[in-house]
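What follows is a short report on a single structure.
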Amino acid sequence: MKKSVKVLGTTLMVLTAAVTLAACGSKSGASKEDKNTISLISPDHSDVHPKNKDLWMWKQYQKKTGVKVNWEQVKDWDNKKQLILSRKTLPDGFYQTGWSNEELTKYGSQGLFKPLEKLIPKYAPNLAKLMEKDPSIAKAITSADGHIYSLPYMSTDPLGGGRNFKLYINKNWLKKLNLKKPTNTTELANVLEQFVTKDPNGNGKADEQGFYMDSGQFSAFELMIKAAFGMNTAGRTAMENNFYIDDNDQLQYIFTDDKMKQVWEYEAELYKKGLIAKTAFSGMDYDKWVADAAKDKVGLFAWVGSDFIGASSMNNYEPIAILNGPDGKNGSLVTQSGVMGTSAFIITKDADEAKTKKMLKWVDYFYSKEGSDFGYFGKEGVTYNVDKNGNKVYVKKILDYPKGAQLGAYQYVDNVYAGFFPYLEVEEKLKSISKGLQPEVFTDDPLNHMPKQVLPSLQGTVEEANKLSTIQTDMNNYVDQARVKFVTGKWDIDKQWDAYKTQLKKIGVDEWVKIRRAQYKRYESE
């Protein structure tokens with residue numbers, strides 16, 4: 001019996017040693033694999049795009065770099081990111097996810113996101129060169145506490161990357177009615193009136209619309225009108241963040257300014273005459289709008305590109321990049337900063353030093369010309385061919401994709417749809433050519449009508465963000481309601497303008513302006 005116990009003990013020792021050795025071997029193998037593996041969370045666009053793990057581009061990039069990515073893709077990101085941050089262990093990084101500047105500062109200061117400013121010069125040389133060439137890039141992505149917690153989504157083409165809004169006007173209707181393309185708000189109103197009254201589609205029905213888009217897209221049109229009335233002095237992002245810079249270099253809140261009163265008076269006049277579709281604020285979905293465009297019912301819309309209205313109709317429209325005010329002045333290109341997003345790539349606290357360096361090198365490729373081209377065009381002979389002019393043109397299976405060449409390309413490469421990737425955008429005219437389209441032709445010389453300055457989103461401290469949070473939400477909600485009532489005539493703007501401004505004061509507009517001015521002053525002094 002004693003001997004049996006001894007044998008059993010020996011057997012257990014041998015088995016334990018074997019298991020230990022096996023575990024050591026397994027750990028060694030896993031360690032080697034883990035060294036070349038990174039984990040990233042990104043949005044889930046699998047309704048129009050293969051999963052990242054299956055995408056041709058990411059498979060090719062793994063072959064090129066030896067780096068494997070374990071992708072976790074998340075739908076409804078904005079509602080889930082706080083839950084993800086509460087995990088005990090975070091992924092190594094966040095790719096193409098949306099965070100505000102204030103969130104970057106908040107979570108960076110809490111140690112959840114790694115500061116990258118000292119690592120970029122050594123491990124991200126392509127981005128470092130861009131930052132050296134254009135100091136405004138560093139200003140845009142440096143948080144109020146002095147750290148860089150995320151890499152940018154960028155374009156160096158003022159007309160590219162979805163940076164600038166334009167009006168798109170029905171050129172066939174202009175020709176039919178022998179009209180010139182409008183250059184100012186007065187001419188625009190006159191043209192739209194003829195569009196809706198003179199049957200330019202020739203079907204004998206009064207079914208033509210002036211400005212007409214799916215509901216919820218009115219803001220793009222209003223940006224163009226704001227610019228016409230002189231509020232585009234700091235670019236599109238500033239206007240989208242509800243401020244402009246006046247002639248005394250003072251930041252002003254747009255929606256209590258007398259210029260905004262003029263904008264809403266102008267829009268109300270268009271609406272009253274039926275030159276803005278009655279469905280501008282509700283009742284029209286995108287598919288119905290595209291179908292109406294195919295029936296030649298749309299006179300004017302506003303967007304960053306004509307293809308938004310659908311492949312069958314887009315060639316019926318030409319751009320108006322510069323719209324002047326009624327005095328024929330003030331028009332400027334509604335473009336945004338070359339840093340179009342500040343939260344394109346984040347490295348978290350749970351990426352060790354080696355992985356942090358590896359991830360920076362991995363992503364920096366896409367800030368180079370070669371990486372930019374690879375991310376958008378793919379590989380010659382596979383996703384594109386080179387034409388006689390030396391331009392890259394997508395292969396036939398992409399160009400003939402039923403939902404359009406852009407989504408066709410999105411079946412192979414990643415950086416063509418949805419935006420906000422860590423990447424330097426390809427020049428806009430080359431993107432058009434690649435999709436078999438003619439580059440846009442402008443008659444209003446947009447590059448010689450740039451805003452006085454083009455600001456990125458201003459950086460704020462955590463304290464400022466906390467103060468702004470409630471004020472801004474309440475102000476935006478009130479302004480959205482007021483816009484609809486002023487434009488549709490439910491409120492008389494002359495009688496109720498002062499009461500409207502008083503309500504914004506009660507909500508906290510003076511505190512909002514004080515904080516934003518402090519942020520602008522910091523930006524200027526950097």
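Just so we're on the same page: first chain in the structure tokens is A, next is B, and so on; residues restart at 1 for each chain, and ligands are numbered from 1 in the order they show up.
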
Once you count only C-alpha atoms, what closest atom pair and distance in Å to one decimal does each residue of region 388-473 of chain A within 12 Å of region 499-523 of chain A have, with rows by chain and rising residue number, as a tab-separated table?
residue	atom	partner	partner_atom	distance
A:Leu455	CA	A:Tyr523	CA	9.3
A:Pro456	CA	A:Tyr523	CA	9.8
A:Ser457	CA	A:Tyr520	CA	9.8
A:Leu458	CA	A:Gln519	CA	6.3
A:Gln459	CA	A:Gln519	CA	6.5
A:Gly460	CA	A:Gln519	CA	6.3
A:Thr461	CA	A:Gln519	CA	8.8
A:Val462	CA	A:Ile515	CA	11.9
A:Glu463	CA	A:Ile515	CA	10.1
A:Glu464	CA	A:Ile515	CA	6.7
A:Ala465	CA	A:Ile515	CA	9.2
A:Asn466	CA	A:Ile515	CA	11.1
A:Lys467	CA	A:Trp512	CA	8.3
A:Leu468	CA	A:Trp512	CA	6.4
A:Ser469	CA	A:Trp512	CA	9.7
A:Thr470	CA	A:Ile507	CA	9.1
A:Ile471	CA	A:Gly508	CA	5.9
A:Gln472	CA	A:Trp512	CA	7.5
A:Thr473	CA	A:Ile507	CA	9.8

Determine, counting only C-alpha atoms, which protein, DNA and RNA residues have an atom within 8 Å of an atom of Asp214 (chain A); residues of the same chain fewer than 6 positions away are not included. Present the result as a short mmCIF file (atom, residue, chain, number, x, y, z; two decimals) with C-alpha atoms, in the first residue's frame.
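Wrote it out as around-v3.cif, contents follow:
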data_model
loop_
_atom_site.label_atom_id
_atom_site.label_comp_id
_atom_site.auth_asym_id
_atom_site.auth_seq_id
_atom_site.Cartn_x
_atom_site.Cartn_y
_atom_site.Cartn_z
CA THR A 279 -41.03 68.81 -45.52
CA ALA A 280 -37.75 70.59 -44.63
CA MET A 284 -39.37 63.20 -45.78
CA ASP A 285 -36.98 60.24 -45.64
CA TYR A 286 -33.85 59.83 -47.72
CA LYS A 288 -38.22 59.09 -50.98
CA TRP A 289 -36.10 62.18 -51.64
#

*Rank A:Lys59, A:Ala344, A:Gly390, A:Asn164 by their smallest atom-to-atom distance to Pro446 (chain A), using only C-alpha atoms, and report the top residue only.*
A:Asn164

*Asn201 (chain A): which residues within 8 Å, counting only C-alpha atoms, same-chain residues fewer than 3 positions away excluded, as a list in words?*
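Residues meeting the cut-off are Trp173, Glu208, Asp296 and Lys297 of chain A.
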
*Hey, can you check how far CA of Gly283 (chain A) sits from CA of Pro200 (chain A)?*
24.7 Å

*For Pro451 (chain A), which residue among A:Gln73, A:Ser525, A:Ser150, A:Thr237 is the nearest when counting only C-alpha atoms?*
A:Thr237

*Do you know which residues are at most 9 Å from Thr335 (chain A) counting only C-alpha atoms, after dropping those on the same chain fewer than 6 positions away, and could you put them as an MDAnalysis selection string?*
chainID A and resid 158:159 162:165 232 235:237 450:451 454

Export, as a JSON list (two decimals), in the first residue's frame, the selected residues with all heavy atoms.
[["chain", "number", "residue", "atom", "x", "y", "z"],
["A", 158, "PRO", "N", -8.25, 71.69, -49.36],
["A", 158, "PRO", "CA", -9.39, 72.47, -48.85],
["A", 158, "PRO", "C", -10.73, 72.08, -49.49],
["A", 158, "PRO", "O", -11.78, 72.31, -48.90],
["A", 158, "PRO", "CB", -9.04, 73.91, -49.21],
["A", 158, "PRO", "CG", -7.57, 73.93, -49.40],
["A", 158, "PRO", "CD", -7.21, 72.57, -49.94],
["A", 159, "LEU", "N", -10.66, 71.48, -50.67],
["A", 159, "LEU", "CA", -11.88, 71.05, -51.36],
["A", 159, "LEU", "C", -12.14, 69.56, -51.20],
["A", 159, "LEU", "O", -13.00, 69.00, -51.87],
["A", 159, "LEU", "CB", -11.78, 71.39, -52.86],
["A", 159, "LEU", "CG", -11.66, 72.88, -53.19],
["A", 159, "LEU", "CD1", -11.39, 73.08, -54.67],
["A", 159, "LEU", "CD2", -12.91, 73.63, -52.77],
["A", 162, "GLY", "N", -14.68, 65.73, -47.86],
["A", 162, "GLY", "CA", -15.94, 66.13, -47.26],
["A", 162, "GLY", "C", -15.81, 67.38, -46.42],
["A", 162, "GLY", "O", -16.66, 67.65, -45.56],
["A", 163, "ARG", "N", -14.77, 68.19, -46.69],
["A", 163, "ARG", "CA", -14.52, 69.35, -45.83],
["A", 163, "ARG", "C", -15.47, 70.50, -46.07],
["A", 163, "ARG", "O", -15.75, 71.28, -45.16],
["A", 163, "ARG", "CB", -13.07, 69.85, -46.03],
["A", 163, "ARG", "CG", -12.03, 68.97, -45.41],
["A", 163, "ARG", "CD", -10.62, 69.45, -45.74],
["A", 163, "ARG", "NE", -10.34, 70.76, -45.19],
["A", 163, "ARG", "CZ", -9.16, 71.37, -45.28],
["A", 163, "ARG", "NH1", -8.16, 70.77, -45.92],
["A", 163, "ARG", "NH2", -8.97, 72.55, -44.75],
["A", 164, "ASN", "N", -15.95, 70.65, -47.30],
["A", 164, "ASN", "CA", -16.70, 71.87, -47.61],
["A", 164, "ASN", "C", -18.11, 71.58, -48.14],
["A", 164, "ASN", "O", -18.31, 70.73, -49.00],
["A", 164, "ASN", "CB", -15.94, 72.74, -48.61],
["A", 164, "ASN", "CG", -15.60, 72.01, -49.89],
["A", 164, "ASN", "OD1", -14.83, 71.06, -49.89],
["A", 164, "ASN", "ND2", -16.17, 72.44, -50.98],
["A", 165, "PHE", "N", -19.07, 72.30, -47.57],
["A", 165, "PHE", "CA", -20.45, 72.24, -48.06],
["A", 165, "PHE", "C", -20.63, 73.17, -49.25],
["A", 165, "PHE", "O", -19.99, 74.21, -49.35],
["A", 165, "PHE", "CB", -21.44, 72.63, -46.96],
["A", 165, "PHE", "CG", -21.77, 71.51, -46.02],
["A", 165, "PHE", "CD1", -21.38, 71.55, -44.70],
["A", 165, "PHE", "CD2", -22.47, 70.41, -46.48],
["A", 165, "PHE", "CE1", -21.70, 70.52, -43.83],
["A", 165, "PHE", "CE2", -22.79, 69.36, -45.61],
["A", 165, "PHE", "CZ", -22.40, 69.42, -44.29],
["A", 232, "ASN", "N", -19.02, 83.27, -41.66],
["A", 232, "ASN", "CA", -18.06, 82.19, -41.95],
["A", 232, "ASN", "C", -16.63, 82.67, -41.77],
["A", 232, "ASN", "O", -15.72, 82.25, -42.47],
["A", 232, "ASN", "CB", -18.28, 81.69, -43.38],
["A", 232, "ASN", "CG", -17.47, 80.43, -43.70],
["A", 232, "ASN", "OD1", -17.21, 79.61, -42.83],
["A", 232, "ASN", "ND2", -17.04, 80.30, -44.94],
["A", 235, "GLY", "N", -14.63, 79.59, -40.42],
["A", 235, "GLY", "CA", -14.81, 78.30, -41.06],
["A", 235, "GLY", "C", -16.03, 77.53, -40.60],
["A", 235, "GLY", "O", -16.75, 77.92, -39.68],
["A", 236, "ARG", "N", -16.21, 76.40, -41.26],
["A", 236, "ARG", "CA", -17.39, 75.56, -41.05],
["A", 236, "ARG", "C", -17.49, 75.02, -39.62],
["A", 236, "ARG", "O", -18.56, 75.04, -39.01],
["A", 236, "ARG", "CB", -17.35, 74.41, -42.05],
["A", 236, "ARG", "CG", -18.34, 73.30, -41.79],
["A", 236, "ARG", "CD", -18.14, 72.15, -42.75],
["A", 236, "ARG", "NE", -18.70, 70.91, -42.22],
["A", 236, "ARG", "CZ", -18.56, 69.73, -42.79],
["A", 236, "ARG", "NH1", -17.89, 69.62, -43.92],
["A", 236, "ARG", "NH2", -19.10, 68.65, -42.25],
["A", 237, "THR", "N", -16.39, 74.53, -39.07],
["A", 237, "THR", "CA", -16.44, 73.92, -37.74],
["A", 237, "THR", "C", -16.88, 74.93, -36.70],
["A", 237, "THR", "O", -17.66, 74.60, -35.79],
["A", 237, "THR", "CB", -15.07, 73.32, -37.36],
["A", 237, "THR", "OG1", -14.71, 72.34, -38.33],
["A", 237, "THR", "CG2", -15.10, 72.67, -36.00],
["A", 450, "MET", "N", -11.45, 81.94, -49.41],
["A", 450, "MET", "CA", -11.34, 81.22, -48.14],
["A", 450, "MET", "C", -11.78, 82.12, -46.99],
["A", 450, "MET", "O", -11.66, 83.35, -47.06],
["A", 450, "MET", "CB", -9.90, 80.75, -47.93],
["A", 450, "MET", "CG", -9.41, 79.71, -48.91],
["A", 450, "MET", "SD", -10.22, 78.10, -48.70],
["A", 450, "MET", "CE", -9.44, 77.56, -47.17],
["A", 451, "PRO", "N", -12.28, 81.55, -45.90],
["A", 451, "PRO", "CA", -12.57, 82.35, -44.71],
["A", 451, "PRO", "C", -11.29, 83.01, -44.17],
["A", 451, "PRO", "O", -10.18, 82.60, -44.52],
["A", 451, "PRO", "CB", -13.09, 81.31, -43.70],
["A", 451, "PRO", "CG", -13.50, 80.14, -44.52],
["A", 451, "PRO", "CD", -12.61, 80.13, -45.72],
["A", 454, "VAL", "N", -9.53, 79.32, -40.53],
["A", 454, "VAL", "CA", -10.31, 78.09, -40.47],
["A", 454, "VAL", "C", -9.92, 77.36, -39.18],
["A", 454, "VAL", "O", -8.87, 76.74, -39.10],
["A", 454, "VAL", "CB", -10.06, 77.19, -41.70],
["A", 454, "VAL", "CG1", -10.93, 75.95, -41.63],
["A", 454, "VAL", "CG2", -10.34, 77.96, -43.00]]

*Got a sec to tell me which of region 129-256 of chain A DSSP assigns to helix (DSSP H, G or I), as a PyMOL selection string?*
chain A and resi 129-133+136-141+171-176+185-197+218-228+236-240+254-256

*Select, from A:Ser332, A:Asn203, A:Asn241, A:Ser282, the residue with the minimum atom-to-atom distance to Lys295 (chain A), counting only C-alpha atoms.*
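Selected residue with least distance to Lys295 (chain A): A:Asn203.
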
_Just checking: using only C-alpha atoms, which residue out of A:Met213, A:Ala138, A:Met314, A:Ala268 ends up closest to Glu440 (chain A)?_
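Of A:Met213, A:Ala138, A:Met314, A:Ala268, the one nearest Glu440 (chain A), counting only C-alpha atoms, is A:Met314.
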
Sort by chain and increasing residue number a table of all residues of region 249-337 of chain A within 12 Å of region 393-416 of chain A, each with its closest pair of atoms and their distance in Å to one decimal, counting only C-alpha atoms, and write it as CSV.
residue,atom,partner,partner_atom,distance
A:Asp307,CA,A:Gly404,CA,9.3
A:Phe308,CA,A:Gly404,CA,11.0
A:Ile309,CA,A:Gly404,CA,11.9
A:Gly310,CA,A:Gly404,CA,8.7
A:Ala311,CA,A:Gly404,CA,6.9
A:Ser312,CA,A:Gly404,CA,10.0
A:Met314,CA,A:Gly404,CA,11.7

Selected residues written out, N, CA and C atoms, as a short mmCIF file (atom, residue, chain, number, x, y, z; two decimals), in the first residue's frame:
data_model
loop_
_atom_site.label_atom_id
_atom_site.label_comp_id
_atom_site.auth_asym_id
_atom_site.auth_seq_id
_atom_site.Cartn_x
_atom_site.Cartn_y
_atom_site.Cartn_z
N ASP A 307 -23.04 63.35 -55.22
CA ASP A 307 -23.43 61.94 -55.23
C ASP A 307 -24.40 61.57 -54.11
N PHE A 308 -24.57 62.48 -53.15
CA PHE A 308 -25.50 62.22 -52.05
C PHE A 308 -26.93 62.03 -52.56
N ILE A 309 -27.25 62.63 -53.70
CA ILE A 309 -28.61 62.58 -54.22
C ILE A 309 -28.87 61.33 -55.05
N GLY A 310 -27.86 60.49 -55.20
CA GLY A 310 -28.02 59.23 -55.92
C GLY A 310 -27.35 59.26 -57.28
N ALA A 311 -26.85 58.09 -57.68
CA ALA A 311 -26.07 57.99 -58.92
C ALA A 311 -26.87 58.37 -60.15
N SER A 312 -28.17 58.12 -60.14
CA SER A 312 -28.98 58.40 -61.33
C SER A 312 -29.26 59.88 -61.53
N MET A 314 -27.15 62.58 -59.86
CA MET A 314 -26.08 63.48 -59.45
C MET A 314 -25.52 64.35 -60.57
#

*Please identify which residues in region 190-404 of chain A DSSP calls strand (DSSP E or B) from the backbone, and express them as number ranges by chain.*
A: 209-211, 243-245, 251-253, 276, 298-303, 317-320, 324, 334, 339-348, 380, 384-386, 392-394

Written selection (C-alpha atoms) as a PDB file, in the first residue's frame:
ATOM      1  CA  GLN A 209     -39.433  71.878 -55.402  1.00  0.00           C
ATOM      2  CA  GLY A 210     -36.891  74.619 -54.712  1.00  0.00           C
ATOM      3  CA  PHE A 211     -34.582  73.698 -51.827  1.00  0.00           C
ATOM      4  CA  PHE A 243     -19.786  80.862 -33.121  1.00  0.00           C
ATOM      5  CA  TYR A 244     -17.958  83.176 -35.487  1.00  0.00           C
ATOM      6  CA  ILE A 245     -15.163  85.729 -35.003  1.00  0.00           C
ATOM      7  CA  LEU A 251     -15.848  85.351 -30.544  1.00  0.00           C
ATOM      8  CA  GLN A 252     -19.616  85.775 -30.916  1.00  0.00           C
ATOM      9  CA  TYR A 253     -22.447  83.325 -30.350  1.00  0.00           C
ATOM     10  CA  ILE A 276     -38.158  75.690 -49.327  1.00  0.00           C
ATOM     11  CA  VAL A 298     -35.423  68.662 -56.940  1.00  0.00           C
ATOM     12  CA  GLY A 299     -34.167  72.147 -57.755  1.00  0.00           C
ATOM     13  CA  LEU A 300     -31.550  72.656 -55.039  1.00  0.00           C
ATOM     14  CA  PHE A 301     -29.876  70.763 -52.227  1.00  0.00           C
ATOM     15  CA  ALA A 302     -26.795  71.240 -50.052  1.00  0.00           C
ATOM     16  CA  TRP A 303     -24.056  68.742 -49.270  1.00  0.00           C
ATOM     17  CA  TYR A 317     -26.472  69.277 -60.604  1.00  0.00           C
ATOM     18  CA  GLU A 318     -23.608  71.750 -60.536  1.00  0.00           C
ATOM     19  CA  PRO A 319     -22.007  73.261 -57.437  1.00  0.00           C
ATOM     20  CA  ILE A 320     -22.283  76.726 -55.957  1.00  0.00           C
ATOM     21  CA  ASN A 324     -22.766  86.096 -51.397  1.00  0.00           C
ATOM     22  CA  VAL A 334     -17.766  76.778 -46.130  1.00  0.00           C
ATOM     23  CA  VAL A 339      -7.917  68.278 -38.966  1.00  0.00           C
ATOM     24  CA  MET A 340     -11.454  67.062 -39.512  1.00  0.00           C
ATOM     25  CA  GLY A 341     -11.464  64.771 -36.498  1.00  0.00           C
ATOM     26  CA  THR A 342      -9.293  64.613 -33.382  1.00  0.00           C
ATOM     27  CA  SER A 343     -10.184  61.153 -32.070  1.00  0.00           C
ATOM     28  CA  ALA A 344      -9.315  58.847 -34.962  1.00  0.00           C
ATOM     29  CA  PHE A 345      -6.836  56.597 -33.111  1.00  0.00           C
ATOM     30  CA  ILE A 346      -6.423  56.218 -29.347  1.00  0.00           C
ATOM     31  CA  ILE A 347      -4.013  53.975 -27.446  1.00  0.00           C
ATOM     32  CA  THR A 348      -5.287  52.883 -24.056  1.00  0.00           C
ATOM     33  CA  GLU A 380      -2.949  47.995 -58.849  1.00  0.00           C
ATOM     34  CA  TYR A 384      -7.625  49.631 -59.540  1.00  0.00           C
ATOM     35  CA  ASN A 385      -5.874  50.094 -62.875  1.00  0.00           C
ATOM     36  CA  VAL A 386      -3.865  53.080 -64.084  1.00  0.00           C
ATOM     37  CA  LYS A 392      -5.894  55.315 -60.633  1.00  0.00           C
ATOM     38  CA  VAL A 393      -9.345  54.065 -61.685  1.00  0.00           C
ATOM     39  CA  TYR A 394     -11.226  51.357 -59.820  1.00  0.00           C
TER      40      TYR A 394
END

Which neighbours of Asn178 (chain A) fall inside 12 Å, counting only C-alpha atoms, when residues of the same chain fewer than 4 positions from it are skipped, and could you give them as a PDB file with N, CA and C atoms, in the first residue's frame?
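The new file around35.pdb reads:
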ATOM      1  N   LYS A 171     -28.900  72.049 -63.030  1.00  0.00           N
ATOM      2  CA  LYS A 171     -28.383  72.778 -64.198  1.00  0.00           C
ATOM      3  C   LYS A 171     -29.305  72.634 -65.407  1.00  0.00           C
ATOM      4  N   ASN A 172     -30.051  71.545 -65.493  1.00  0.00           N
ATOM      5  CA  ASN A 172     -30.992  71.372 -66.601  1.00  0.00           C
ATOM      6  C   ASN A 172     -32.135  72.379 -66.509  1.00  0.00           C
ATOM      7  N   TRP A 173     -32.579  72.642 -65.293  1.00  0.00           N
ATOM      8  CA  TRP A 173     -33.640  73.630 -65.100  1.00  0.00           C
ATOM      9  C   TRP A 173     -33.133  75.041 -65.415  1.00  0.00           C
ATOM     10  N   LEU A 174     -31.904  75.328 -65.025  1.00  0.00           N
ATOM     11  CA  LEU A 174     -31.332  76.635 -65.365  1.00  0.00           C
ATOM     12  C   LEU A 174     -31.322  76.828 -66.880  1.00  0.00           C
ATOM     13  N   VAL A 191     -34.234  82.696 -58.681  1.00  0.00           N
ATOM     14  CA  VAL A 191     -34.131  81.446 -59.444  1.00  0.00           C
ATOM     15  C   VAL A 191     -35.066  80.385 -58.871  1.00  0.00           C
ATOM     16  N   GLN A 194     -38.655  80.853 -59.894  1.00  0.00           N
ATOM     17  CA  GLN A 194     -38.948  80.409 -61.253  1.00  0.00           C
ATOM     18  C   GLN A 194     -38.937  78.879 -61.358  1.00  0.00           C
ATOM     19  N   PHE A 195     -38.086  78.255 -60.563  1.00  0.00           N
ATOM     20  CA  PHE A 195     -38.075  76.786 -60.536  1.00  0.00           C
ATOM     21  C   PHE A 195     -39.443  76.212 -60.157  1.00  0.00           C
ATOM     22  N   LYS A 198     -42.526  77.665 -63.052  1.00  0.00           N
ATOM     23  CA  LYS A 198     -42.471  77.651 -64.519  1.00  0.00           C
ATOM     24  C   LYS A 198     -42.264  76.262 -65.120  1.00  0.00           C
ATOM     25  N   PRO A 200     -40.100  73.643 -64.999  1.00  0.00           N
ATOM     26  CA  PRO A 200     -38.867  73.342 -65.725  1.00  0.00           C
ATOM     27  C   PRO A 200     -38.663  71.867 -66.036  1.00  0.00           C
TER      28      PRO A 200
END

*Between A:Leu179, A:Leu116, A:Ala227, A:Ala124, which is the closest to Ile148 (chain A) once you count only C-alpha atoms?*
A:Leu116

*Which of A:Asp78, A:Glu269, A:Glu353, A:Glu425 sits closest to Phe366 (chain A) [using only C-alpha atoms]*: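 Selected residue with least distance to Phe366 (chain A): A:Glu425.
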